[in-house]
file input_12.pdb (PDB, C-alpha atoms)
ATOM      1  CA  MET A   1      -6.552  12.025 -11.785  1.00  0.00           C
ATOM      2  CA  ALA A   2      -8.820  10.296 -14.300  1.00  0.00           C
ATOM      3  CA  GLU A   3      -6.684   7.159 -14.004  1.00  0.00           C
ATOM      4  CA  ASP A   4      -7.221   7.224 -10.236  1.00  0.00           C
ATOM      5  CA  ARG A   5     -10.989   7.190 -10.723  1.00  0.00           C
ATOM      6  CA  VAL A   6     -10.717   4.376 -13.266  1.00  0.00           C
ATOM      7  CA  SER A   7      -8.528   2.240 -11.006  1.00  0.00           C
ATOM      8  CA  ARG A   8     -10.842   2.951  -8.048  1.00  0.00           C
ATOM      9  CA  ARG A   9     -13.870   1.726 -10.046  1.00  0.00           C
ATOM     10  CA  TYR A  10     -12.064  -1.457 -11.080  1.00  0.00           C
ATOM     11  CA  ALA A  11     -10.848  -2.029  -7.517  1.00  0.00           C
ATOM     12  CA  THR A  12     -14.353  -1.499  -6.148  1.00  0.00           C
ATOM     13  CA  ALA A  13     -15.858  -3.956  -8.624  1.00  0.00           C
ATOM     14  CA  LEU A  14     -13.168  -6.524  -7.841  1.00  0.00           C
ATOM     15  CA  PHE A  15     -13.578  -6.017  -4.096  1.00  0.00           C
ATOM     16  CA  GLU A  16     -17.360  -6.458  -4.261  1.00  0.00           C
ATOM     17  CA  SER A  17     -16.949  -9.633  -6.330  1.00  0.00           C
ATOM     18  CA  ALA A  18     -14.290 -10.989  -3.959  1.00  0.00           C
ATOM     19  CA  LYS A  19     -16.501 -10.203  -0.979  1.00  0.00           C
ATOM     20  CA  ALA A  20     -19.440 -11.990  -2.605  1.00  0.00           C
ATOM     21  CA  GLU A  21     -17.267 -15.062  -3.242  1.00  0.00           C
ATOM     22  CA  ASP A  22     -15.615 -14.768   0.206  1.00  0.00           C
ATOM     23  CA  VAL A  23     -12.105 -14.659  -1.254  1.00  0.00           C
ATOM     24  CA  VAL A  24     -11.016 -11.106  -0.336  1.00  0.00           C
ATOM     25  CA  SER A  25      -7.747 -12.087   1.342  1.00  0.00           C
ATOM     26  CA  SER A  26      -6.844 -14.532  -1.448  1.00  0.00           C
ATOM     27  CA  VAL A  27      -7.477 -11.948  -4.162  1.00  0.00           C
ATOM     28  CA  GLU A  28      -5.450  -9.339  -2.271  1.00  0.00           C
ATOM     29  CA  SER A  29      -2.596 -11.822  -1.921  1.00  0.00           C
ATOM     30  CA  ASP A  30      -2.813 -12.583  -5.658  1.00  0.00           C
ATOM     31  CA  LEU A  31      -2.664  -8.875  -6.512  1.00  0.00           C
ATOM     32  CA  VAL A  32       0.393  -8.422  -4.282  1.00  0.00           C
ATOM     33  CA  THR A  33       2.115 -11.354  -6.009  1.00  0.00           C
ATOM     34  CA  ILE A  34       1.377  -9.932  -9.455  1.00  0.00           C
ATOM     35  CA  GLU A  35       2.487  -6.461  -8.384  1.00  0.00           C
ATOM     36  CA  ASN A  36       5.753  -7.856  -6.984  1.00  0.00           C
ATOM     37  CA  LEU A  37       6.451  -9.745 -10.204  1.00  0.00           C
ATOM     38  CA  LEU A  38       5.808  -6.599 -12.247  1.00  0.00           C
ATOM     39  CA  ALA A  39       8.131  -4.624  -9.977  1.00  0.00           C
ATOM     40  CA  ASN A  40      10.932  -7.193  -9.755  1.00  0.00           C
ATOM     41  CA  ASP A  41      11.001  -8.971 -13.119  1.00  0.00           C
ATOM     42  CA  GLY A  42      11.978  -6.550 -15.865  1.00  0.00           C
ATOM     43  CA  ASP A  43      11.278  -8.998 -18.695  1.00  0.00           C
ATOM     44  CA  PHE A  44       7.792  -9.824 -17.438  1.00  0.00           C
ATOM     45  CA  ARG A  45       7.061  -6.136 -16.854  1.00  0.00           C
ATOM     46  CA  ALA A  46       8.308  -5.134 -20.315  1.00  0.00           C
ATOM     47  CA  PHE A  47       6.239  -7.859 -21.977  1.00  0.00           C
ATOM     48  CA  ILE A  48       3.006  -7.180 -20.073  1.00  0.00           C
ATOM     49  CA  LEU A  49       3.211  -3.385 -20.330  1.00  0.00           C
ATOM     50  CA  SER A  50       4.375  -3.291 -23.950  1.00  0.00           C
ATOM     51  CA  PRO A  51       1.797  -1.593 -26.187  1.00  0.00           C
ATOM     52  CA  ASN A  52       3.170  -3.536 -29.172  1.00  0.00           C
ATOM     53  CA  ARG A  53       2.329  -6.983 -27.800  1.00  0.00           C
ATOM     54  CA  ASP A  54      -0.871  -8.717 -28.818  1.00  0.00           C
ATOM     55  CA  ARG A  55      -3.546  -9.113 -26.129  1.00  0.00           C
ATOM     56  CA  THR A  56      -3.771 -12.868 -26.719  1.00  0.00           C
ATOM     57  CA  GLU A  57       0.005 -13.209 -26.214  1.00  0.00           C
ATOM     58  CA  LYS A  58      -0.227 -11.366 -22.908  1.00  0.00           C
ATOM     59  CA  ILE A  59      -3.186 -13.429 -21.734  1.00  0.00           C
ATOM     60  CA  GLY A  60      -1.374 -16.610 -22.778  1.00  0.00           C
ATOM     61  CA  LEU A  61       1.713 -15.639 -20.784  1.00  0.00           C
ATOM     62  CA  PHE A  62      -0.419 -14.705 -17.791  1.00  0.00           C
ATOM     63  CA  ASP A  63      -2.152 -18.108 -17.963  1.00  0.00           C
ATOM     64  CA  LYS A  64       1.190 -19.888 -18.240  1.00  0.00           C
ATOM     65  CA  VAL A  65       2.679 -18.065 -15.244  1.00  0.00           C
ATOM     66  CA  PHE A  66      -0.352 -17.769 -12.955  1.00  0.00           C
ATOM     67  CA  SER A  67      -2.973 -20.365 -13.956  1.00  0.00           C
ATOM     68  CA  ASP A  68      -2.443 -22.502 -10.841  1.00  0.00           C
ATOM     69  CA  ARG A  69      -1.186 -19.736  -8.542  1.00  0.00           C
ATOM     70  CA  VAL A  70      -4.147 -17.308  -8.366  1.00  0.00           C
ATOM     71  CA  THR A  71      -7.869 -17.570  -7.697  1.00  0.00           C
ATOM     72  CA  ALA A  72     -10.255 -17.874 -10.618  1.00  0.00           C
ATOM     73  CA  LEU A  73     -11.629 -14.409  -9.840  1.00  0.00           C
ATOM     74  CA  THR A  74      -8.172 -12.832  -9.959  1.00  0.00           C
ATOM     75  CA  SER A  75      -7.413 -14.642 -13.200  1.00  0.00           C
ATOM     76  CA  ARG A  76     -10.623 -13.409 -14.835  1.00  0.00           C
ATOM     77  CA  PHE A  77      -9.991  -9.898 -13.565  1.00  0.00           C
ATOM     78  CA  VAL A  78      -6.411  -9.643 -14.835  1.00  0.00           C
ATOM     79  CA  LYS A  79      -7.421 -11.069 -18.203  1.00  0.00           C
ATOM     80  CA  LEU A  80     -10.141  -8.398 -18.399  1.00  0.00           C
ATOM     81  CA  MET A  81      -7.542  -5.745 -17.585  1.00  0.00           C
ATOM     82  CA  LEU A  82      -5.310  -7.080 -20.350  1.00  0.00           C
ATOM     83  CA  GLU A  83      -8.189  -7.130 -22.838  1.00  0.00           C
ATOM     84  CA  LYS A  84      -9.165  -3.544 -21.941  1.00  0.00           C
ATOM     85  CA  ARG A  85      -5.525  -2.372 -22.160  1.00  0.00           C
ATOM     86  CA  ARG A  86      -5.522  -1.366 -18.485  1.00  0.00           C
ATOM     87  CA  GLU A  87      -2.584  -3.486 -17.313  1.00  0.00           C
ATOM     88  CA  GLU A  88      -0.631  -0.415 -16.190  1.00  0.00           C
ATOM     89  CA  GLU A  89      -3.367   0.205 -13.612  1.00  0.00           C
ATOM     90  CA  LEU A  90      -2.737  -3.070 -11.730  1.00  0.00           C
ATOM     91  CA  PRO A  91      -0.465  -1.626  -8.987  1.00  0.00           C
ATOM     92  CA  THR A  92      -2.883   1.246  -8.329  1.00  0.00           C
ATOM     93  CA  ILE A  93      -5.815  -1.156  -8.265  1.00  0.00           C
ATOM     94  CA  ARG A  94      -3.962  -3.311  -5.714  1.00  0.00           C
ATOM     95  CA  GLY A  95      -3.530  -0.269  -3.471  1.00  0.00           C
ATOM     96  CA  ASP A  96      -7.178   0.748  -3.843  1.00  0.00           C
ATOM     97  CA  PHE A  97      -8.306  -2.838  -3.199  1.00  0.00           C
ATOM     98  CA  SER A  98      -6.292  -2.928   0.039  1.00  0.00           C
ATOM     99  CA  GLU A  99      -7.818   0.387   1.130  1.00  0.00           C
ATOM    100  CA  LEU A 100     -11.314  -0.952   0.498  1.00  0.00           C
ATOM    101  CA  ARG A 101     -10.537  -4.101   2.486  1.00  0.00           C
ATOM    102  CA  ARG A 102      -9.167  -2.097   5.403  1.00  0.00           C
ATOM    103  CA  ALA A 103     -12.205   0.198   5.389  1.00  0.00           C
ATOM    104  CA  ALA A 104     -14.566  -2.784   5.382  1.00  0.00           C
ATOM    105  CA  GLU A 105     -12.693  -4.376   8.292  1.00  0.00           C
ATOM    106  CA  GLY A 106     -12.360  -1.139  10.275  1.00  0.00           C
ATOM    107  CA  THR A 107      -8.589  -1.356   9.978  1.00  0.00           C
ATOM    108  CA  ILE A 108      -6.107   1.451   9.418  1.00  0.00           C
ATOM    109  CA  SER A 109      -2.610   1.280   7.948  1.00  0.00           C
ATOM    110  CA  ALA A 110       0.181   2.830  10.003  1.00  0.00           C
ATOM    111  CA  THR A 111       3.885   3.258   9.413  1.00  0.00           C
ATOM    112  CA  VAL A 112       6.224   3.443  12.395  1.00  0.00           C
ATOM    113  CA  THR A 113       9.736   4.711  11.761  1.00  0.00           C
ATOM    114  CA  SER A 114      12.330   4.566  14.525  1.00  0.00           C
ATOM    115  CA  ALA A 115      16.004   5.392  14.872  1.00  0.00           C
ATOM    116  CA  ILE A 116      16.774   1.825  15.968  1.00  0.00           C
ATOM    117  CA  GLU A 117      15.012  -1.516  15.650  1.00  0.00           C
ATOM    118  CA  LEU A 118      12.101  -1.682  18.110  1.00  0.00           C
ATOM    119  CA  THR A 119      11.642  -4.644  20.422  1.00  0.00           C
ATOM    120  CA  LYS A 120       8.535  -6.789  20.257  1.00  0.00           C
ATOM    121  CA  ASP A 121       7.245  -5.189  23.483  1.00  0.00           C
ATOM    122  CA  GLU A 122       7.835  -1.662  22.179  1.00  0.00           C
ATOM    123  CA  ARG A 123       5.978  -2.492  18.965  1.00  0.00           C
ATOM    124  CA  LYS A 124       3.070  -3.962  20.906  1.00  0.00           C
ATOM    125  CA  GLN A 125       2.889  -0.905  23.161  1.00  0.00           C
ATOM    126  CA  ILE A 126       2.815   1.478  20.179  1.00  0.00           C
ATOM    127  CA  GLU A 127       0.169  -0.611  18.422  1.00  0.00           C
ATOM    128  CA  ASP A 128      -1.985  -0.895  21.557  1.00  0.00           C
ATOM    129  CA  ASN A 129      -1.823   2.845  22.267  1.00  0.00           C
ATOM    130  CA  LEU A 130      -2.545   3.842  18.676  1.00  0.00           C
ATOM    131  CA  SER A 131      -5.326   1.284  18.290  1.00  0.00           C
ATOM    132  CA  LYS A 132      -6.926   2.525  21.505  1.00  0.00           C
ATOM    133  CA  LYS A 133      -6.596   6.169  20.405  1.00  0.00           C
ATOM    134  CA  LEU A 134      -8.076   5.550  16.951  1.00  0.00           C
ATOM    135  CA  GLY A 135     -10.611   2.910  17.929  1.00  0.00           C
ATOM    136  CA  LYS A 136      -9.519   0.747  14.997  1.00  0.00           C
ATOM    137  CA  LYS A 137      -7.404  -2.297  14.320  1.00  0.00           C
ATOM    138  CA  LEU A 138      -3.981  -1.603  12.877  1.00  0.00           C
ATOM    139  CA  GLU A 139      -1.866  -2.950  10.060  1.00  0.00           C
ATOM    140  CA  THR A 140       1.561  -1.681  11.001  1.00  0.00           C
ATOM    141  CA  GLN A 141       4.776  -1.544   9.007  1.00  0.00           C
ATOM    142  CA  TYR A 142       8.051  -0.796  10.755  1.00  0.00           C
ATOM    143  CA  PHE A 143      11.100   0.941   9.328  1.00  0.00           C
ATOM    144  CA  VAL A 144      14.446   2.012  10.756  1.00  0.00           C
ATOM    145  CA  ASP A 145      15.854   5.447   9.900  1.00  0.00           C
ATOM    146  CA  PRO A 146      18.986   6.357  11.889  1.00  0.00           C
ATOM    147  CA  SER A 147      18.641  10.003  10.802  1.00  0.00           C
ATOM    148  CA  LEU A 148      15.793  10.346  13.333  1.00  0.00           C
ATOM    149  CA  ILE A 149      18.526  10.234  16.020  1.00  0.00           C
ATOM    150  CA  GLY A 150      16.077   8.822  18.590  1.00  0.00           C
ATOM    151  CA  GLY A 151      12.353   8.309  19.227  1.00  0.00           C
ATOM    152  CA  VAL A 152       9.703   7.317  16.714  1.00  0.00           C
ATOM    153  CA  ARG A 153       7.556   8.824  13.975  1.00  0.00           C
ATOM    154  CA  VAL A 154       4.115   7.324  13.349  1.00  0.00           C
ATOM    155  CA  ALA A 155       2.174   8.022  10.151  1.00  0.00           C
ATOM    156  CA  TYR A 156      -1.415   6.951   9.508  1.00  0.00           C
ATOM    157  CA  GLY A 157      -3.991   8.360   7.124  1.00  0.00           C
ATOM    158  CA  ASP A 158      -3.185  12.061   6.731  1.00  0.00           C
ATOM    159  CA  PHE A 159      -1.588  12.343  10.173  1.00  0.00           C
ATOM    160  CA  ILE A 160       1.974  12.174  11.450  1.00  0.00           C
ATOM    161  CA  ILE A 161       2.924  11.922  15.098  1.00  0.00           C
ATOM    162  CA  ASP A 162       6.571  12.897  15.240  1.00  0.00           C
ATOM    163  CA  GLY A 163       8.175  11.955  18.548  1.00  0.00           C
ATOM    164  CA  SER A 164      11.662  11.766  17.100  1.00  0.00           C
ATOM    165  CA  VAL A 165      14.650  13.786  18.275  1.00  0.00           C
ATOM    166  CA  ARG A 166      15.113  15.072  14.739  1.00  0.00           C
ATOM    167  CA  GLY A 167      11.478  16.223  14.666  1.00  0.00           C
ATOM    168  CA  SER A 168      11.911  17.968  18.018  1.00  0.00           C
ATOM    169  CA  LEU A 169      15.041  19.720  16.787  1.00  0.00           C
ATOM    170  CA  THR A 170      13.253  20.833  13.623  1.00  0.00           C
ATOM    171  CA  ARG A 171      10.327  22.230  15.641  1.00  0.00           C
ATOM    172  CA  LEU A 172      12.743  23.991  18.015  1.00  0.00           C
ATOM    173  CA  ARG A 173      14.657  25.522  15.099  1.00  0.00           C
ATOM    174  CA  GLU A 174      11.389  26.733  13.530  1.00  0.00           C
ATOM    175  CA  SER A 175      10.232  28.191  16.852  1.00  0.00           C
ATOM    176  CA  LEU A 176      13.517  30.053  17.315  1.00  0.00           C
ATOM    177  CA  ARG A 177      13.322  31.350  13.751  1.00  0.00           C
ATOM    178  CA  GLN A 178       9.773  32.623  14.315  1.00  0.00           C
ATOM    179  CA  ASP A 179      10.803  34.297  17.587  1.00  0.00           C
ATOM    180  CA  THR A 180      13.726  35.963  15.832  1.00  0.00           C
ATOM    181  CA  LEU A 181      11.468  37.238  13.050  1.00  0.00           C
ATOM    182  CA  LYS A 182       8.996  38.675  15.589  1.00  0.00           C
ATOM    183  CA  GLN A 183      11.797  40.619  17.304  1.00  0.00           C
ATOM    184  CA  ALA A 184      13.113  42.123  14.075  1.00  0.00           C
TER     185      ALA A 184
END
call {"tool": "encode", "arguments": {"input": "input_12.pdb", "output": "structure tokens"}}
result
Amino acid sequence: MAEDRVSRRYATALFESAKAEDVVSSVESDLVTIENLLANDGDFRAFILSPNRDRTEKIGLFDKVFSDRVTALTSRFVKLMLEKRREEELPTIRGDFSELRRAAEGTISATVTSAIELTKDERKQIEDNLSKKLGKKLETQYFVDPSLIGGVRVAYGDFIIDGSVRGSLTRLRESLRQDTLKQA
């Protein structure tokens, strides 16, 4: 919980600086790149997150790998994180930064899961309907989960709209169970 507050403060400071320099999308892209490297390169991750490595070694490696690939603001920020021994917070900060950007743009993140791959027209229809309902722009990710049997499940914020066959069957089963318990 305390780490969440710390990462939120760092993300807020970075977002405000990026907004002032008009490089919000570039910084977010940089953070995604760094997060992906941490997630996918075990050697890099082990080196950066190792408590036994010297700060100057870590900063040197970061400079070597990213000096020409990230904005100056991102570079300064990550070096600060390394100096303050907060490198493990980088993925959380990236998530918080993206949330702040979406809030500033009036955008909401939504996840659409379907039993089969949706067509371009079906995706557009879902996005248009949801955008109209929420009054916000959408950033939508699509996933396929055959266990849904049919239909779609849409998740955004703290809400889930479950229009899947599996969801309907689950609700029906729960309703029948409740009816049975009332009769007993």
call {"tool": "residues_near_point", "arguments": {"input": "input_12.pdb", "point": "(4.5, 3.0, 17.4)", "cutoff": "7 Å", "atoms": "only C-alpha atoms", "output": "PyMOL selection string"}}
result
chain A and resi 112+123+126-127+152+154
call {"tool": "write_last_selection", "arguments": {"input": "input_12.pdb", "atoms": "C-alpha atoms", "output": "mmCIF file, in the frame of the given file"}}
result
data_model
loop_
_atom_site.group_PDB
_atom_site.id
_atom_site.type_symbol
_atom_site.label_atom_id
_atom_site.label_comp_id
_atom_site.auth_asym_id
_atom_site.auth_seq_id
_atom_site.Cartn_x
_atom_site.Cartn_y
_atom_site.Cartn_z
ATOM 1 C CA VAL A 112 6.224 3.443 12.395
ATOM 2 C CA ARG A 123 5.978 -2.492 18.965
ATOM 3 C CA ILE A 126 2.815 1.478 20.179
ATOM 4 C CA GLU A 127 0.169 -0.611 18.422
ATOM 5 C CA VAL A 152 9.703 7.317 16.714
ATOM 6 C CA VAL A 154 4.115 7.324 13.349
#
call {"tool": "closest_atom_pairs", "arguments": {"input": "input_12.pdb", "of": "region 54-142 of chain A", "to": "region 161-166 of chain A", "cutoff": "10 Å", "atoms": "all atoms listed in the file", "output": "CSV"}}
result
residue,atom,partner,partner_atom,distance
A:Val112,CA,A:Ile161,CA,9.5
A:Thr113,CA,A:Ser164,CA,9.1
A:Ser114,CA,A:Ser164,CA,7.7
A:Ala115,CA,A:Ser164,CA,8.0
call {"tool": "axis_aligned_box", "arguments": {"input": "input_12.pdb", "around": "region 76-92 of chain A", "padding_each_side": "6 Å", "output": "AutoDock Vina command-line options"}}
result
--center_x -5.5 --center_y -6.1 --center_z -15.6 --size_x 22.2 --size_y 26.7 --size_z 26.5
call {"tool": "resolve_selection", "arguments": {"input": "input_12.pdb", "expression": "the PyMOL selection byres ((chain A and resi 2-18) around 12)", "output": "PyMOL selection string"}}
result
chain A and resi 1+19-31+71-78+80-81+84+86-104
call {"tool": "atom_distance", "arguments": {"input": "input_12.pdb", "atom1": "CA of Lys120 (chain A)", "atom2": "CA of Leu169 (chain A)"}}
result
27.5 Å
call {"tool": "resolve_selection", "arguments": {"input": "input_12.pdb", "expression": "the PyMOL selection byres ((chain A and resi 60) around 12)", "output": "PyMOL selection string"}}
result
chain A and resi 47-48+53-59+61-67+75+78-79+82-83
call {"tool": "residues_around", "arguments": {"input": "input_12.pdb", "residues": "Asp158 (chain A)", "least_positions_apart": "2", "cutoff": "12 Å", "atoms": "all atoms listed in the file", "output": "list of chain:residue names"}}
result
A:Ile108, A:Ser109, A:Ala110, A:Thr111, A:Val154, A:Ala155, A:Tyr156, A:Ile160, A:Ile161
call {"tool": "atom_distance", "arguments": {"input": "input_12.pdb", "atom1": "CA of Arg177 (chain A)", "atom2": "CA of Gly150 (chain A)"}}
result
23.2 Å
call {"tool": "closest_residue", "arguments": {"input": "input_12.pdb", "among": "A:Val70, A:Ile149, A:Ile116, A:Ala39", "to": "Ser168 (chain A)", "atoms": "only C-alpha atoms"}}
result
A:Ile149
call {"tool": "atom_distance", "arguments": {"input": "input_12.pdb", "atom1": "CA of Leu118 (chain A)", "atom2": "CA of Phe143 (chain A)"}}
result
9.2 Å
call {"tool": "decode", "arguments": {"input": "input_12.pdb", "residues": "region 76-107 of chain A", "atoms": "N, CA and C atoms", "output": "compact mmCIF listing (two decimals), in the first residue's frame"}}
result
# COMPACT_ATOMS: atom_id res chain seq x y z
N ARG A 76 16.53 11.08 -17.28
CA ARG A 76 16.77 11.70 -15.96
C ARG A 76 15.91 11.02 -14.89
N PHE A 77 14.69 10.72 -15.24
CA PHE A 77 13.78 10.10 -14.27
C PHE A 77 14.26 8.71 -13.86
N VAL A 78 14.61 7.88 -14.81
CA VAL A 78 15.05 6.52 -14.49
C VAL A 78 16.35 6.57 -13.69
N LYS A 79 17.23 7.46 -14.04
CA LYS A 79 18.48 7.59 -13.27
C LYS A 79 18.18 7.99 -11.82
N LEU A 80 17.20 8.88 -11.64
CA LEU A 80 16.79 9.27 -10.29
C LEU A 80 16.24 8.06 -9.54
N MET A 81 15.44 7.26 -10.23
CA MET A 81 14.88 6.05 -9.61
C MET A 81 15.99 5.09 -9.20
N LEU A 82 17.01 4.96 -10.03
CA LEU A 82 18.13 4.10 -9.71
C LEU A 82 18.92 4.64 -8.52
N GLU A 83 19.13 5.95 -8.50
CA GLU A 83 19.85 6.57 -7.38
C GLU A 83 19.10 6.41 -6.07
N LYS A 84 17.77 6.51 -6.12
CA LYS A 84 16.94 6.43 -4.91
C LYS A 84 16.58 4.99 -4.54
N ARG A 85 17.11 4.02 -5.29
CA ARG A 85 16.84 2.60 -5.07
C ARG A 85 15.34 2.29 -5.18
N ARG A 86 14.72 2.86 -6.20
CA ARG A 86 13.29 2.65 -6.45
C ARG A 86 13.04 1.98 -7.80
N GLU A 87 14.04 1.29 -8.33
CA GLU A 87 13.90 0.69 -9.66
C GLU A 87 12.79 -0.36 -9.73
N GLU A 88 12.49 -1.02 -8.62
CA GLU A 88 11.43 -2.02 -8.63
C GLU A 88 10.04 -1.39 -8.81
N GLU A 89 9.95 -0.09 -8.65
CA GLU A 89 8.68 0.62 -8.80
C GLU A 89 8.37 0.98 -10.26
N LEU A 90 9.32 0.81 -11.16
CA LEU A 90 9.14 1.27 -12.54
C LEU A 90 7.88 0.72 -13.22
N PRO A 91 7.58 -0.58 -13.14
CA PRO A 91 6.34 -1.06 -13.78
C PRO A 91 5.07 -0.42 -13.20
N THR A 92 5.04 -0.26 -11.88
CA THR A 92 3.87 0.36 -11.25
C THR A 92 3.76 1.82 -11.65
N ILE A 93 4.89 2.50 -11.73
CA ILE A 93 4.89 3.90 -12.15
C ILE A 93 4.38 4.02 -13.58
N ARG A 94 4.78 3.08 -14.45
CA ARG A 94 4.28 3.11 -15.83
C ARG A 94 2.77 3.00 -15.86
N GLY A 95 2.21 2.11 -15.06
CA GLY A 95 0.76 1.96 -15.00
C GLY A 95 0.07 3.21 -14.48
N ASP A 96 0.63 3.80 -13.42
CA ASP A 96 0.07 5.03 -12.86
C ASP A 96 0.17 6.18 -13.85
N PHE A 97 1.30 6.26 -14.55
CA PHE A 97 1.50 7.31 -15.56
C PHE A 97 0.43 7.20 -16.65
N SER A 98 0.18 5.98 -17.11
CA SER A 98 -0.84 5.77 -18.15
C SER A 98 -2.22 6.16 -17.65
N GLU A 99 -2.53 5.84 -16.40
CA GLU A 99 -3.81 6.25 -15.82
C GLU A 99 -3.94 7.77 -15.79
N LEU A 100 -2.88 8.44 -15.39
CA LEU A 100 -2.91 9.91 -15.34
C LEU A 100 -3.11 10.50 -16.73
N ARG A 101 -2.44 9.92 -17.73
CA ARG A 101 -2.60 10.39 -19.10
C ARG A 101 -4.03 10.20 -19.58
N ARG A 102 -4.59 9.01 -19.32
CA ARG A 102 -5.97 8.76 -19.73
C ARG A 102 -6.94 9.72 -19.06
N ALA A 103 -6.74 9.96 -17.77
CA ALA A 103 -7.62 10.88 -17.04
C ALA A 103 -7.53 12.29 -17.62
N ALA A 104 -6.33 12.72 -17.95
CA ALA A 104 -6.15 14.06 -18.51
C ALA A 104 -6.79 14.19 -19.90
N GLU A 105 -6.79 13.10 -20.65
CA GLU A 105 -7.36 13.11 -22.00
C GLU A 105 -8.85 12.78 -22.02
N GLY A 106 -9.41 12.39 -20.86
CA GLY A 106 -10.81 11.95 -20.83
C GLY A 106 -11.00 10.62 -21.53
N THR A 107 -10.02 9.75 -21.38
CA THR A 107 -10.02 8.44 -22.02
C THR A 107 -10.16 7.37 -20.96
